[in-house]
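Next comes my_file_30.txt, with compact mmCIF, C-alpha atoms and all ligand atoms.
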# COMPACT_ATOMS: atom_id res chain seq x y z
CA MET A 1133 49.84 -17.11 -44.66
CA ALA A 1134 48.43 -17.46 -41.21
CA ASN A 1135 45.41 -15.45 -40.15
CA ARG A 1136 45.20 -12.91 -37.39
CA ALA A 1137 42.49 -13.41 -34.82
CA VAL A 1138 40.82 -11.64 -31.98
CA PHE A 1139 39.88 -14.11 -29.29
CA MET A 1140 37.06 -12.95 -27.08
CA ASP A 1141 35.57 -14.12 -23.87
CA ARG A 1142 31.78 -14.34 -24.11
CA ASP A 1143 30.16 -13.42 -20.79
CA ASN A 1144 30.50 -9.77 -19.80
CA THR A 1145 32.68 -9.22 -22.82
CA ILE A 1146 30.17 -9.67 -25.65
CA ILE A 1147 26.97 -10.33 -23.71
CA ALA A 1148 25.82 -9.38 -20.22
CA ASN A 1149 25.77 -12.17 -17.70
CA ASP A 1150 25.18 -11.80 -13.98
CA GLY A 1151 25.65 -15.47 -13.26
CA TYR A 1152 25.35 -18.64 -15.26
CA LEU A 1153 23.42 -18.10 -18.46
CA GLY A 1154 21.70 -21.10 -19.98
CA ASP A 1155 18.60 -19.44 -21.33
CA PRO A 1156 18.83 -17.87 -24.79
CA ALA A 1157 15.99 -15.54 -23.82
CA GLY A 1158 18.44 -13.87 -21.42
CA VAL A 1159 21.01 -13.04 -24.08
CA LYS A 1160 21.66 -9.30 -24.23
CA LEU A 1161 24.54 -7.83 -26.20
CA LEU A 1162 26.69 -5.29 -24.41
CA PRO A 1163 26.62 -1.78 -25.94
CA GLY A 1164 28.94 -1.45 -28.91
CA ALA A 1165 29.92 -5.12 -28.95
CA ALA A 1166 28.34 -5.95 -32.30
CA THR A 1167 29.87 -2.95 -34.04
CA ALA A 1168 33.27 -3.70 -32.55
CA ILE A 1169 33.18 -7.29 -33.78
CA ALA A 1170 32.01 -6.27 -37.24
CA SER A 1171 34.77 -3.66 -37.46
CA LEU A 1172 37.52 -6.03 -36.39
CA ARG A 1173 36.38 -8.68 -38.81
CA ARG A 1174 36.37 -6.20 -41.66
CA LEU A 1175 39.96 -5.45 -40.77
CA GLY A 1176 40.77 -9.07 -41.49
CA TYR A 1177 40.74 -10.52 -37.98
CA ARG A 1178 39.09 -13.85 -37.37
CA ILE A 1179 36.66 -13.56 -34.49
CA VAL A 1180 36.96 -16.50 -32.12
CA VAL A 1181 34.91 -16.73 -28.94
CA VAL A 1182 36.51 -18.75 -26.13
CA SER A 1183 34.35 -19.22 -23.06
CA ASN A 1184 34.42 -21.13 -19.80
CA GLN A 1185 30.96 -22.58 -19.21
CA SER A 1186 31.28 -24.31 -15.87
CA GLY A 1187 27.53 -24.01 -15.44
CA VAL A 1188 27.42 -27.30 -17.32
CA ALA A 1189 29.79 -28.95 -14.88
CA ARG A 1190 27.78 -27.54 -12.00
CA GLY A 1191 24.63 -29.12 -13.37
CA LEU A 1192 22.89 -25.79 -13.93
CA PHE A 1193 22.28 -26.43 -17.63
CA ASP A 1194 23.48 -28.73 -20.36
CA GLU A 1195 25.66 -28.22 -23.41
CA ALA A 1196 22.61 -27.81 -25.61
CA ALA A 1197 21.72 -24.73 -23.56
CA VAL A 1198 25.23 -23.35 -24.06
CA LYS A 1199 24.88 -23.80 -27.79
CA ALA A 1200 21.43 -22.22 -27.76
CA VAL A 1201 22.82 -19.15 -25.99
CA ASN A 1202 25.71 -19.01 -28.44
CA ASP A 1203 23.32 -19.24 -31.38
CA GLU A 1204 21.17 -16.45 -30.00
CA MET A 1205 24.25 -14.30 -29.43
CA CYS A 1206 25.32 -14.86 -33.05
CA ARG A 1207 21.83 -14.08 -34.28
CA GLN A 1208 21.76 -10.76 -32.40
CA LEU A 1209 25.27 -9.87 -33.57
CA LYS A 1210 24.26 -10.48 -37.15
CA ARG A 1211 21.04 -8.56 -36.80
CA GLN A 1212 22.51 -5.59 -34.96
CA ALA A 1213 25.63 -4.91 -37.02
CA ASP A 1214 25.98 -7.74 -39.53
CA ALA A 1215 28.73 -9.02 -37.25
CA LEU A 1216 29.87 -12.60 -37.80
CA VAL A 1217 31.77 -14.90 -35.48
CA ASP A 1218 34.19 -17.34 -37.09
CA ALA A 1219 34.22 -19.90 -34.31
CA ILE A 1220 33.08 -20.48 -30.78
CA TYR A 1221 34.85 -22.78 -28.32
CA TYR A 1222 33.77 -23.42 -24.79
CA SER A 1223 34.91 -25.47 -21.86
CA PRO A 1224 32.09 -27.03 -19.85
CA HIS A 1225 34.52 -28.40 -17.27
CA HIS A 1226 35.38 -27.57 -13.69
CA PRO A 1227 37.85 -29.37 -11.42
CA ASP A 1228 35.32 -29.49 -8.55
CA ALA A 1229 32.25 -30.16 -10.67
CA PRO A 1230 29.25 -31.95 -9.18
CA VAL A 1231 28.72 -33.56 -12.58
CA ALA A 1232 31.36 -36.26 -12.78
CA GLU A 1233 31.48 -36.22 -16.54
CA TYR A 1234 32.88 -32.69 -16.53
CA ARG A 1235 34.97 -32.91 -13.35
CA GLN A 1236 38.48 -32.21 -14.52
CA ASP A 1237 40.98 -29.42 -14.83
CA HIS A 1238 40.68 -29.48 -18.57
CA PRO A 1239 43.34 -27.90 -20.80
CA TRP A 1240 40.58 -25.93 -22.49
CA ARG A 1241 39.50 -24.26 -19.26
CA LYS A 1242 40.92 -20.76 -18.97
CA PRO A 1243 43.41 -19.63 -17.68
CA LYS A 1244 44.86 -22.48 -19.67
CA PRO A 1245 45.30 -21.66 -23.35
CA GLY A 1246 43.86 -24.89 -24.76
CA MET A 1247 40.96 -23.33 -26.63
CA LEU A 1248 43.18 -20.72 -28.25
CA LEU A 1249 45.80 -23.26 -29.27
CA HIS A 1250 43.17 -25.58 -30.67
CA ALA A 1251 41.59 -22.74 -32.63
CA ALA A 1252 45.01 -21.74 -33.97
CA GLY A 1253 45.40 -25.21 -35.41
CA GLU A 1254 41.93 -25.36 -36.88
CA LEU A 1255 41.86 -21.85 -38.31
CA ASN A 1256 45.54 -21.44 -39.20
CA LEU A 1257 46.03 -18.52 -36.82
CA ASP A 1258 49.18 -16.56 -36.11
CA LEU A 1259 48.92 -16.26 -32.35
CA ALA A 1260 51.71 -13.67 -32.11
CA GLN A 1261 49.62 -11.38 -34.33
CA SER A 1262 46.41 -12.12 -32.47
CA TRP A 1263 44.65 -10.62 -29.49
CA MET A 1264 42.73 -11.92 -26.51
CA ILE A 1265 40.02 -9.78 -24.91
CA GLY A 1266 38.21 -10.65 -21.71
CA ASP A 1267 36.84 -9.27 -18.49
CA GLN A 1268 38.70 -11.64 -16.18
CA PRO A 1269 42.39 -12.06 -15.36
CA ARG A 1270 42.09 -15.69 -16.45
CA ASP A 1271 41.29 -14.43 -19.93
CA VAL A 1272 44.53 -12.46 -19.91
CA ASP A 1273 46.44 -15.47 -18.62
CA ALA A 1274 45.06 -17.68 -21.38
CA GLY A 1275 45.85 -15.13 -24.05
CA ALA A 1276 49.36 -14.49 -22.76
CA ALA A 1277 50.07 -18.22 -22.47
CA ALA A 1278 49.05 -18.62 -26.11
CA GLY A 1279 51.40 -15.81 -27.14
CA CYS A 1280 48.72 -13.23 -27.91
CA ARG A 1281 48.55 -9.61 -26.93
CA THR A 1282 45.89 -9.11 -24.31
CA ILE A 1283 43.25 -6.58 -23.36
CA LEU A 1284 41.44 -6.69 -20.05
CA LEU A 1285 38.02 -5.09 -19.77
CA GLY A 1286 37.03 -3.30 -16.62
CA ASN A 1287 38.16 -0.75 -14.14
CA ALA A 1288 41.90 -0.43 -14.68
CA PRO A 1289 43.23 -0.27 -11.09
CA THR A 1290 40.98 -3.06 -9.88
CA ALA A 1291 41.66 -5.23 -12.87
CA VAL A 1292 45.41 -4.86 -12.72
CA ALA A 1293 45.63 -5.27 -8.98
CA GLY A 1294 43.13 -8.08 -8.89
CA GLY A 1295 45.80 -10.61 -8.10
CA GLU A 1296 44.06 -13.57 -9.68
CA GLY A 1297 45.90 -13.45 -12.95
CA GLU A 1298 49.61 -13.96 -13.33
CA ALA A 1299 50.00 -12.20 -16.64
CA LYS A 1300 49.79 -8.44 -16.95
CA PRO A 1301 47.46 -7.27 -19.71
CA ASP A 1302 48.89 -5.14 -22.48
CA PHE A 1303 45.92 -2.82 -22.17
CA VAL A 1304 43.02 -2.27 -19.83
CA VAL A 1305 39.94 -0.56 -21.23
CA ALA A 1306 36.29 -0.24 -20.31
CA SER A 1307 34.55 -2.05 -23.13
CA LEU A 1308 34.87 -4.23 -26.18
CA ALA A 1309 34.39 -1.14 -28.33
CA ASP A 1310 37.40 0.50 -26.67
CA ALA A 1311 39.39 -2.70 -27.09
CA ALA A 1312 38.59 -2.71 -30.79
CA ARG A 1313 39.89 0.83 -31.07
CA ILE A 1314 43.15 -0.25 -29.41
CA ILE A 1315 43.51 -3.06 -31.93
CA VAL A 1316 42.74 -0.73 -34.82
CA ARG A 1317 45.33 1.70 -33.52
CA GLU A 1318 47.95 -0.99 -33.14
CA GLY A 1319 47.02 -2.20 -36.62
CA ALA A 1320 49.43 -4.51 -38.32
CA ASN A 1321 52.28 -3.57 -36.01
CA PRO A 1322 54.06 -6.56 -34.59
CA PRO A 1323 54.13 -6.89 -30.82
CA PRO A 1324 56.74 -4.68 -29.14
CA GLU A 1325 58.87 -7.69 -28.31
CA PRO A 1326 58.91 -10.95 -30.21
CA PRO A 1327 57.26 -13.65 -28.15
CA THR A 1328 59.40 -16.43 -26.87
CA ALA A 1329 59.57 -19.62 -28.82
CA ALA A 1330 57.78 -21.41 -26.03
CA ALA A 1331 54.94 -18.93 -26.10
CA VAL A 1332 54.14 -19.28 -29.76
CA SER A 1333 55.33 -22.73 -30.64
CA PRO A 1334 52.49 -25.03 -31.50
CA GLN A 1335 51.57 -27.14 -28.57
CA ALA A 1336 50.02 -30.51 -28.62
CA PRO A 1337 46.53 -30.24 -30.07
CA ALA A 1338 43.60 -31.20 -28.00
CA ALA A 1339 42.87 -34.87 -27.82
CA PRO A 1340 40.23 -36.09 -30.26
CA GLU A 1341 37.68 -36.56 -27.52
CA GLU A 1342 38.18 -32.96 -26.43
CA ARG A 1343 37.07 -31.77 -29.84
CA ASP A 1344 33.64 -33.12 -29.14
CA THR A 1345 33.16 -30.40 -26.55
CA SER A 1346 33.72 -27.58 -29.02
CA ALA A 1347 31.02 -25.73 -30.85
CA PRO A 1348 32.79 -24.30 -33.88
CA VAL A 1349 30.74 -21.90 -35.90
CA VAL A 1350 33.12 -21.41 -38.78
CA LYS A 1351 31.72 -19.18 -41.49
CA PRO A 1352 33.11 -17.86 -44.77
CA HIS A 1353 35.55 -15.04 -44.27
CA PRO A 1354 34.80 -11.79 -46.10
CA PRO A 1355 37.39 -9.95 -48.17
CA LEU A 1356 39.59 -7.51 -46.33
CA GLN A 1357 37.84 -4.23 -45.82
CA VAL A 1358 38.44 -1.08 -43.87
CA LEU A 1359 37.00 -0.24 -40.51
CA PRO A 1360 33.93 1.85 -41.21
CA ALA A 1361 34.29 4.20 -38.30
CA GLY A 1362 36.56 4.95 -35.40
CA ALA A 1363 39.59 6.99 -34.56
CA ALA A 1364 42.79 6.69 -32.64
CA PRO A 1365 41.61 5.66 -29.20
CA ASP A 1366 42.28 7.22 -25.91
CA ALA A 1367 45.09 5.29 -24.32
CA ALA A 1368 44.40 6.56 -20.83
CA GLY A 1369 43.24 3.13 -19.85
CA SER A 1370 46.35 1.41 -21.08
CA ALA A 1371 47.99 -0.55 -18.35
CA GLY A 1372 50.82 -2.12 -20.25
CA LYS A 1373 52.02 0.85 -22.31
CA THR A 1374 51.41 4.52 -22.65
CA ALA A 1375 50.05 6.32 -25.67
CA ALA A 1376 53.50 7.79 -26.31
CA GLU A 1377 55.09 4.37 -26.31
CA ALA A 1378 52.39 2.97 -28.50
CA THR A 1379 52.79 5.65 -31.16
CA ASP A 1380 56.51 6.14 -31.00
CA SER A 1381 57.54 4.68 -34.33
CA GLY A 1382 57.46 6.15 -37.80
CA ASP A 1383 56.06 2.95 -39.20
CA HIS A 1384 53.19 3.11 -36.79
CA LEU A 1385 52.44 6.69 -37.73
CA ASP A 1386 52.53 5.72 -41.40
CA ILE A 1387 50.05 2.93 -40.80
CA LEU A 1388 47.82 5.21 -38.79
CA GLU A 1389 47.91 7.80 -41.53
CA GLN A 1390 47.08 5.19 -44.17
CA MET A 1391 44.20 3.94 -42.08
CA LEU A 1392 42.89 7.44 -41.54
CA GLN A 1393 43.05 8.13 -45.26
CA GLN A 1394 41.11 4.96 -45.93
CA LEU A 1395 38.60 5.89 -43.26
CA ARG A 1396 38.15 9.34 -44.78
CA HIS A 1397 37.65 7.80 -48.19
CA LEU A 1398 35.18 5.28 -46.84
CA ASN A 1399 33.31 7.87 -44.85
CA HIS A 1400 33.12 10.29 -47.76
CA GLY A 1401 29.82 8.91 -48.96
CA ARG A 1402 28.39 8.92 -45.48
CA HIS A 1403 29.29 12.57 -44.93
CA SER A 1404 28.49 13.78 -48.43
CA HIS A 1405 25.54 15.67 -47.06
CA GLU A 1406 27.66 17.83 -44.78
CA PHE A 1407 27.54 21.55 -45.47
CA THR A 1408 30.66 22.33 -47.52
CA ARG A 1409 32.12 25.59 -48.79
CA GLU A 1410 30.91 24.76 -52.28
CA MET A 1411 27.40 24.18 -50.99
CA PHE A 1412 27.49 27.58 -49.27
CA LEU A 1413 28.58 29.30 -52.48
CA ALA A 1414 25.95 27.39 -54.43
CA ALA A 1415 23.30 28.60 -52.01
CA MET A 1416 24.45 32.20 -52.44
CA VAL A 1417 24.43 31.94 -56.24
CA GLN A 1418 21.05 30.28 -56.11
CA PHE A 1419 19.71 33.20 -54.12
CA VAL A 1420 21.03 35.69 -56.68
CA SER A 1421 19.63 33.59 -59.52
CA LEU A 1422 16.22 33.71 -57.92
CA LEU A 1423 16.49 37.49 -57.79
CA PHE A 1424 17.34 37.51 -61.50
CA LEU A 1425 14.37 35.28 -62.14
CA ALA A 1426 12.13 37.65 -60.20
CA MET A 1427 13.41 40.57 -62.24
CA ALA A 1428 12.78 38.63 -65.43
CA ALA A 1429 9.23 37.97 -64.26
CA TRP A 1430 8.78 41.64 -63.40
CA ASP A 1431 9.86 42.76 -66.86
CA ALA A 1432 7.84 39.99 -68.49
CA VAL A 1433 4.68 41.19 -66.73
CA ALA A 1434 5.41 44.74 -67.88
CA ALA A 1435 5.95 43.47 -71.43
CA LEU A 1436 2.53 41.84 -71.49
CA ASN A 1437 1.02 45.17 -72.41
CA VAL A 1438 3.26 45.44 -75.45
CA PRO A 1439 1.69 43.87 -78.57
CA ILE A 1440 3.80 41.10 -80.07
CA ASP A 1441 4.03 41.09 -83.83
CA ALA A 1442 6.10 39.09 -86.32
CA ASN A 1443 9.13 41.34 -85.89
CA TRP A 1444 9.02 41.66 -82.10
CA TRP A 1445 12.38 39.93 -81.70
CA PHE A 1446 14.10 42.61 -83.82
CA ASN A 1447 12.12 45.44 -82.31
CA LYS A 1448 12.17 44.43 -78.68
CA THR A 1449 10.94 46.85 -76.15
CA SER A 1450 13.05 47.58 -73.12
CA GLU A 1451 10.74 45.38 -71.03
CA GLN A 1452 11.08 42.42 -73.37
CA LEU A 1453 14.83 42.88 -73.60
CA GLY A 1454 15.10 43.16 -69.83
CA ALA A 1455 13.07 40.01 -69.30
CA ILE A 1456 15.30 38.07 -71.66
CA GLU A 1457 18.49 39.42 -70.09
CA TRP A 1458 17.36 38.67 -66.56
CA LEU A 1459 16.28 35.19 -67.63
CA LEU A 1460 19.65 34.49 -69.22
CA ALA A 1461 21.40 35.75 -66.10
CA ALA A 1462 19.26 33.42 -63.98
CA LEU A 1463 20.13 30.48 -66.25
CA VAL A 1464 23.85 31.26 -65.96
CA GLY A 1465 23.41 31.35 -62.20
CA GLU A 1466 21.74 27.93 -62.21
CA VAL A 1467 24.61 26.51 -64.23
CA MET A 1468 27.01 27.89 -61.64
CA VAL A 1469 24.95 26.33 -58.87
CA LEU A 1470 25.13 22.92 -60.54
CA ALA A 1471 28.86 23.31 -61.13
CA LEU A 1472 29.49 24.21 -57.49
CA LEU A 1473 27.44 21.28 -56.25
CA TRP A 1474 29.33 18.94 -58.56
CA MET A 1475 32.65 20.30 -57.30
CA GLY A 1476 31.55 19.73 -53.72
CA GLN A 1477 30.53 16.16 -54.42
CA SER A 1478 33.68 15.24 -56.31
CA LYS A 1479 36.07 16.49 -53.64
MG MG B 1 33.72 -13.16 -18.74
Could you quickly redo this structure as structure tokens?
Amino acid sequence: MANRAVFMDRDNTIIANDGYLGDPAGVKLLPGAATAIASLRRLGYRIVVVSNQSGVARGLFDEAAVKAVNDEMCRQLKRQADALVDAIYYSPHHPDAPVAEYRQDHPWRKPKPGMLLHAAGELNLDLAQSWMIGDQPRDVDAGAAAGCRTILLGNAPTAVAGGEGEAKPDFVVASLADAARIIVREGANPPPEPPTAAAVSPQAPAAPEERDTSAPVVKPHPPLQVLPAGAAPDAAGSAGKTAAEATDSGDHLDILEQMLQQLRHLNHGRHSHEFTREMFLAAMVQFVSLLFLAMAAWDAVAALNVPIDANWWFNKTSEQLGAIEWLLAALVGEVMVLALLWMGQSK
């Protein structure tokens, strides 16, 4: 069975980049990116980074620098949220490159889908069940050409009306974290319309020499888990479909409900310290038990003046009897407290 994947652009999708980044010291993860990647991967998606790196073709840095930046990005993702990336592909080419070696309109350079198609072959990916996320229209074009659903990051009106891309994104959201919520919401639902045969049919794999330009970072895939946090996202930023359209099927609602149940179950441990009704009752009973204990102590102090002989148990004074009764009542209260706390925990 083929795997699902989330393809991601690198610059200004996972890490901040104001220009051409060739220095690993400048790697800075965007807020929420690591958590989003970790969550998607736990849902069973392969995480595949696909990045144009024309800075190499422009002579600004070499491929070793690209790999160093990628390594640093992976290190920070791992450290911040234990987020792993399955593979990274990049295109160092540009059709007008000063560096002759990289001067070509390479099939891996987005908006062409070469990197995605190559990854699909290497990682056994079902492109129709996969997503492409990026901050540029060319990311959307590459994803759409590969037969993936697409999410564009950025300001919705500007992004949609940008004019550079030919394909319309399925969704437009502000961040990778929001994109992850869209994917979680869509879950295992198939795309609204089956992709055309041309869109998903395997295309010719990259030529052997093109593989030398890749930097795959394939790592063991963890067992399927459930997203640790998140809820149905706000679809206000959706450009391709509305929230009503996206949630208009019974199957989808069923899947959402199942996911929410799993999330509640998973989050139970995390929220076990929340103040529950049982905890409130336990606190009340505890208070009463302390009063009983105080009364027991009061009677016990009063009973100190009463001499204790061998038959005191059968000839208890009212103070001794009261102390014992109050003590027993306090013990019963403590048992109730423990029972209530146990009931609250096991809910
Ligand atoms: Mg980008």
Nearby residues, ligand MG 1 (chain B), 7 Å, only C-alpha atoms and all ligand atoms, as a PyMOL selection string: chain A and resi 1141-1145+1266-1268
Residue nearest A:Ala1168 among A:Val1464, A:Met1140, A:Met1411, A:Ala1189 (counting all atoms listed in the file): A:Met1140
Determine the nearest neighbour of A:Arg1211 from the options A:Pro1239, A:Ala1166, A:Gly1151, A:Pro1269, counting only C-alpha atoms. A:Ala1166
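Taking atom CA of A:Pro1156 as the reference point, atom CA of A:Glu1233 is found at 23.8 Å.
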Find the spatial neighbours of stretch 1214-1225 of chain A, counting only C-alpha atoms, within a cut-off of 9 Å - ignore same-chain residues fewer than 4 positions away - and output them as a PyMOL selection string. chain A and resi 1166-1171+1173+1178-1190+1194-1195+1198+1202+1206-1210+1229+1233-1242+1247-1248+1251+1255+1345-1353
Residues just named, written with C-alpha atoms as a compact mmCIF listing (two decimals), in the frame of the given file:
# COMPACT_ATOMS: atom_id res chain seq x y z
CA ALA A 1166 28.34 -5.95 -32.30
CA THR A 1167 29.87 -2.95 -34.04
CA ALA A 1168 33.27 -3.70 -32.55
CA ILE A 1169 33.18 -7.29 -33.78
CA ALA A 1170 32.01 -6.27 -37.24
CA SER A 1171 34.77 -3.66 -37.46
CA ARG A 1173 36.38 -8.68 -38.81
CA ARG A 1178 39.09 -13.85 -37.37
CA ILE A 1179 36.66 -13.56 -34.49
CA VAL A 1180 36.96 -16.50 -32.12
CA VAL A 1181 34.91 -16.73 -28.94
CA VAL A 1182 36.51 -18.75 -26.13
CA SER A 1183 34.35 -19.22 -23.06
CA ASN A 1184 34.42 -21.13 -19.80
CA GLN A 1185 30.96 -22.58 -19.21
CA SER A 1186 31.28 -24.31 -15.87
CA GLY A 1187 27.53 -24.01 -15.44
CA VAL A 1188 27.42 -27.30 -17.32
CA ALA A 1189 29.79 -28.95 -14.88
CA ARG A 1190 27.78 -27.54 -12.00
CA ASP A 1194 23.48 -28.73 -20.36
CA GLU A 1195 25.66 -28.22 -23.41
CA VAL A 1198 25.23 -23.35 -24.06
CA ASN A 1202 25.71 -19.01 -28.44
CA CYS A 1206 25.32 -14.86 -33.05
CA ARG A 1207 21.83 -14.08 -34.28
CA GLN A 1208 21.76 -10.76 -32.40
CA LEU A 1209 25.27 -9.87 -33.57
CA LYS A 1210 24.26 -10.48 -37.15
CA ALA A 1229 32.25 -30.16 -10.67
CA GLU A 1233 31.48 -36.22 -16.54
CA TYR A 1234 32.88 -32.69 -16.53
CA ARG A 1235 34.97 -32.91 -13.35
CA GLN A 1236 38.48 -32.21 -14.52
CA ASP A 1237 40.98 -29.42 -14.83
CA HIS A 1238 40.68 -29.48 -18.57
CA PRO A 1239 43.34 -27.90 -20.80
CA TRP A 1240 40.58 -25.93 -22.49
CA ARG A 1241 39.50 -24.26 -19.26
CA LYS A 1242 40.92 -20.76 -18.97
CA MET A 1247 40.96 -23.33 -26.63
CA LEU A 1248 43.18 -20.72 -28.25
CA ALA A 1251 41.59 -22.74 -32.63
CA LEU A 1255 41.86 -21.85 -38.31
CA THR A 1345 33.16 -30.40 -26.55
CA SER A 1346 33.72 -27.58 -29.02
CA ALA A 1347 31.02 -25.73 -30.85
CA PRO A 1348 32.79 -24.30 -33.88
CA VAL A 1349 30.74 -21.90 -35.90
CA VAL A 1350 33.12 -21.41 -38.78
CA LYS A 1351 31.72 -19.18 -41.49
CA PRO A 1352 33.11 -17.86 -44.77
CA HIS A 1353 35.55 -15.04 -44.27
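Of note, atom CA of A:Phe1193 and atom CA of A:Met1264 are spaced 26.6 Å apart.
We find atom CA of A:Ala1311 and atom CA of A:Met1133 to be spaced 25.0 Å apart.
If all atoms listed in the file are the atoms counted, then among A:Ala1278, A:Leu1192, A:Ile1456, A:Leu1436 the closest residue to A:Ser1262 is A:Ala1278.
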Extract, using all atoms listed in the file, all DNA, RNA and protein residues at most 10 Å from A:Leu1453, discarding same-chain residues fewer than 6 positions from it, and format them as a list of chain:residue names. A:Ala1428, A:Asp1431, A:Ala1432, A:Ala1435, A:Trp1445, A:Asn1447, A:Leu1459
Resulting file, chosen residues, C-alpha atoms, as a compact mmCIF listing (two decimals), keeping the file's coordinate frame:
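Result file part_5.txt:
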# COMPACT_ATOMS: atom_id res chain seq x y z
CA ALA A 1428 12.78 38.63 -65.43
CA ASP A 1431 9.86 42.76 -66.86
CA ALA A 1432 7.84 39.99 -68.49
CA ALA A 1435 5.95 43.47 -71.43
CA TRP A 1445 12.38 39.93 -81.70
CA ASN A 1447 12.12 45.44 -82.31
CA LEU A 1459 16.28 35.19 -67.63
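Using all atoms listed in the file for every distance, the candidate list A:Ala1213, A:Leu1249, A:Leu1422, A:Val1417 yields A:Leu1422 as the residue closest to A:Trp1458.
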Judged by all atoms listed in the file, the minimum distance to A:Ala1165 among A:Thr1282, A:Gln1212, A:Gln1452, A:Asn1135 is found for A:Gln1212
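Take the candidates A:Ala1461, A:Asp1271, A:Glu1254, A:Trp1474 and check each one against A:Leu1423 using all atoms listed in the file; the shortest distance goes to A:Ala1461.
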